[in-house]
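Remarks on the structure that follows.
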Amino acid sequence: MNDETKHAIGEVIEKTVEAAEETVRQPFFKPLARLGFYSKGSLFIVIGVLAILLVVGLDGGKIADATGALAAVSERPFGKVLLIIFIVGAAAHGTWNILRGAADIDDAGKNWLGIVKRSISVITGFFYLGLAISAIEIIVAVRDTDGSSQAEETFISLVLAVPVLGALFIGLVGLGVIGAGFHECYSGVSGKFRENYRLWEITGFHLTFINVLGVLSFTARALILVLMGYFFVRAAVYHNTGAIGMDAALLVLLRSSYGRLLVLLTAIGLFCHGVLAFYEARYRRIC
């Protein structure tokens with residue numbers, strides 16, 4: 001790569017960052033970003049509640065990933081109206097995460113660790129934009145919602161079709177997801193997840209409650225991420241393209257010893273993560 005090409009790429013990156021920084025300063029941006037956290041919270045609450053209902057043996061319970069939870073919502077009274085609200089919020093949350101990474105809202109920095117964190121923010125953003133599209137497909141009844149992990153399985157199959165490098169890439173992704181799981185656990189237990197909160201505005205019961213929510217929610221997410229990472233590594237080693245999503249992780253827990261108890265605790269953690277997102281909507285630093 002010659003100097004002119006490097007300079008051109010540098011200019012494109014600089015202009016992209018400037019555009020992201022300008023966008024997050026717009027007056028309409030904060031309310032939309034906060035709506036995104038409410039949509040995220042509602043989604044995790046639904047996933048948690050569905051799993052809890054299943055474990056305690058009540059009607060309507062099921063193991064579901066994000067898409068499955070949206071499908072369950074669509075079947076309820078006013079479900080499609082709720083999905084329309086979710087679409088707006090998910091699109092806002094996705095856009096905010098992409099801009100968060102581009103504009104470095106969280107001050108992650110430009111070193112390798114900062115670039116990794118910012119890249120994860122961008123990937124998360126595209127994930128929520130994908131969920132918004134999935135919700136639209138559910139509303140217009142063009143999506144089969146039974147196969148929750150089909151997209152992940154298709155992705156793995158395509159990558160594994162590349163000799164050697166495909167399996168290596170999937171294996172590295174799996175190790176990265178496992179590492180992210182341990183980081184989630186550390187963030188929850190240590191309270192590091194609060195570093196972007198406006199803590200000076202939170203006092204008394206709410207601060208204690210946020211700490212409890214953080215421990216429960218991030219531990220549950222850590223367990224799911226470690227299992228998902230294991231699925232990736234297994235796929236790389238055995239060329240097995242089985243399910244790898246959140247629903248697959250919960251099913252593995254359900255089929256294990258003390259499965260119902262493990263799923264119940266994990267579901268409570270996911271529910272807590274949803275409640276924590278509501279606090280994020282109010283207290284997190286948006287820009």
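In the structure tokens, the first chain shown is A, the next is B, and so on; residue numbers restart at 1 for each chain, and ligands run from 1 in the order shown.
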Close residues, region 190-195 of chain A itself excluded, 10 Å, only C-alpha atoms, min 3 positions apart in chain, as a PDB file with C-alpha atoms, in the first residue's frame:
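What landed in selection-v5.pdb:
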ATOM      1  CA  ASP A 106     -17.051   5.972  25.384  1.00  0.00           C
ATOM      2  CA  HIS A 183     -15.094  -9.827  30.297  1.00  0.00           C
ATOM      3  CA  GLU A 184     -18.863  -9.527  30.796  1.00  0.00           C
ATOM      4  CA  CYS A 185     -18.593 -11.432  34.077  1.00  0.00           C
ATOM      5  CA  TYR A 186     -15.740  -9.185  35.226  1.00  0.00           C
ATOM      6  CA  SER A 187     -17.673  -6.059  34.225  1.00  0.00           C
ATOM      7  CA  ARG A 198     -23.754   9.518  35.356  1.00  0.00           C
ATOM      8  CA  LEU A 199     -23.287   8.072  38.841  1.00  0.00           C
ATOM      9  CA  ILE A 210     -28.170  -1.115  39.740  1.00  0.00           C
ATOM     10  CA  ASN A 211     -25.202  -2.923  41.299  1.00  0.00           C
ATOM     11  CA  VAL A 212     -27.328  -6.026  41.976  1.00  0.00           C
ATOM     12  CA  GLY A 214     -25.292  -5.662  37.025  1.00  0.00           C
ATOM     13  CA  VAL A 215     -23.990  -8.733  38.861  1.00  0.00           C
ATOM     14  CA  PHE A 218     -23.756  -9.709  33.265  1.00  0.00           C
ATOM     15  CA  GLU A 280     -29.180   3.006  31.019  1.00  0.00           C
ATOM     16  CA  TYR A 283     -28.432   7.546  33.341  1.00  0.00           C
ATOM     17  CA  ARG A 284     -26.003   6.393  30.665  1.00  0.00           C
ATOM     18  CA  ARG A 285     -23.796   8.939  28.913  1.00  0.00           C
TER      19      ARG A 285
END
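With CA of Ile139 (chain A) on one side and CA of Ser74 (chain A) on the other, the separation reads 7.4 Å.
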Residues of region 20-265 of chain A in alpha helix (DSSP H), written as JSON, numbers by chain: {"A": [20, 21, 22, 23, 24, 29, 30, 31, 32, 33, 34, 35, 36, 37, 38, 39, 40, 41, 42, 43, 44, 45, 46, 47, 48, 49, 50, 51, 52, 53, 54, 55, 56, 66, 67, 68, 69, 70, 71, 72, 73, 74, 79, 80, 81, 82, 83, 84, 85, 86, 87, 88, 89, 90, 91, 92, 93, 94, 95, 96, 97, 98, 99, 100, 101, 102, 103, 112, 113, 114, 115, 116, 117, 118, 119, 120, 121, 122, 123, 124, 125, 126, 127, 128, 129, 130, 131, 132, 133, 134, 135, 136, 137, 138, 139, 150, 151, 152, 153, 154, 155, 156, 157, 158, 159, 160, 165, 166, 167, 168, 169, 170, 171, 172, 173, 174, 175, 176, 177, 178, 179, 180, 181, 182, 183, 184, 185, 186, 187, 188, 189, 190, 204, 205, 206, 207, 208, 209, 210, 211, 212, 213, 214, 215, 216, 217, 218, 219, 220, 221, 222, 223, 224, 225, 226, 227, 228, 229, 230, 231, 232, 233, 234, 235, 236, 237, 238, 246, 247, 248, 249, 250, 251, 252, 253, 254, 259, 260, 261, 262, 263, 264, 265]}
Interatomic distance, CA of Arg118 (chain A) to CA of Arg34 (chain A) (Å, one decimal): 19.4 Å
Which of A:Val46, A:Val56, A:Pro27, A:Leu158 sits closest to Ala72 (chain A) [using only C-alpha atoms]: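 For Ala72 (chain A), the nearest of the candidates is A:Val46.
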Distance of CA of Ala222 (chain A) from CA of Ile52 (chain A), expressed in Å to one decimal place: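 Computed distance, CA of Ile52 (chain A) to CA of Ala222 (chain A), equals 18.5 Å.
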Using only C-alpha atoms: which of A:Val237, A:Ala281, A:Leu168, A:Leu131 has the shortest distance to Ala69 (chain A):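 Closest to Ala69 (chain A) of all the choices is A:Leu131.
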Shell of 9 Å around Val177 (chain A), only C-alpha atoms, local chain residues under 4 positions omitted, as a PyMOL selection string: chain A and resi 172-173+181-182+225-230+232
Residue with smallest distance to Val24 (chain A) - pool A:Ile105, A:Ile202, A:Val88, A:Leu53, counting only C-alpha atoms: A:Ile105
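Remark: for Pro31 (chain A), the closest of the candidate residues A:Ala92, A:Ile120, A:Ile133, A:Val263 is A:Ala92 (distances computed over only C-alpha atoms).
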Pick from A:His239, A:His273, A:Arg260, A:Lys30, whichever lies nearest to Leu160 (chain A) using only C-alpha atoms: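 The shortest atom-to-atom distance to Leu160 (chain A) comes from A:His239.
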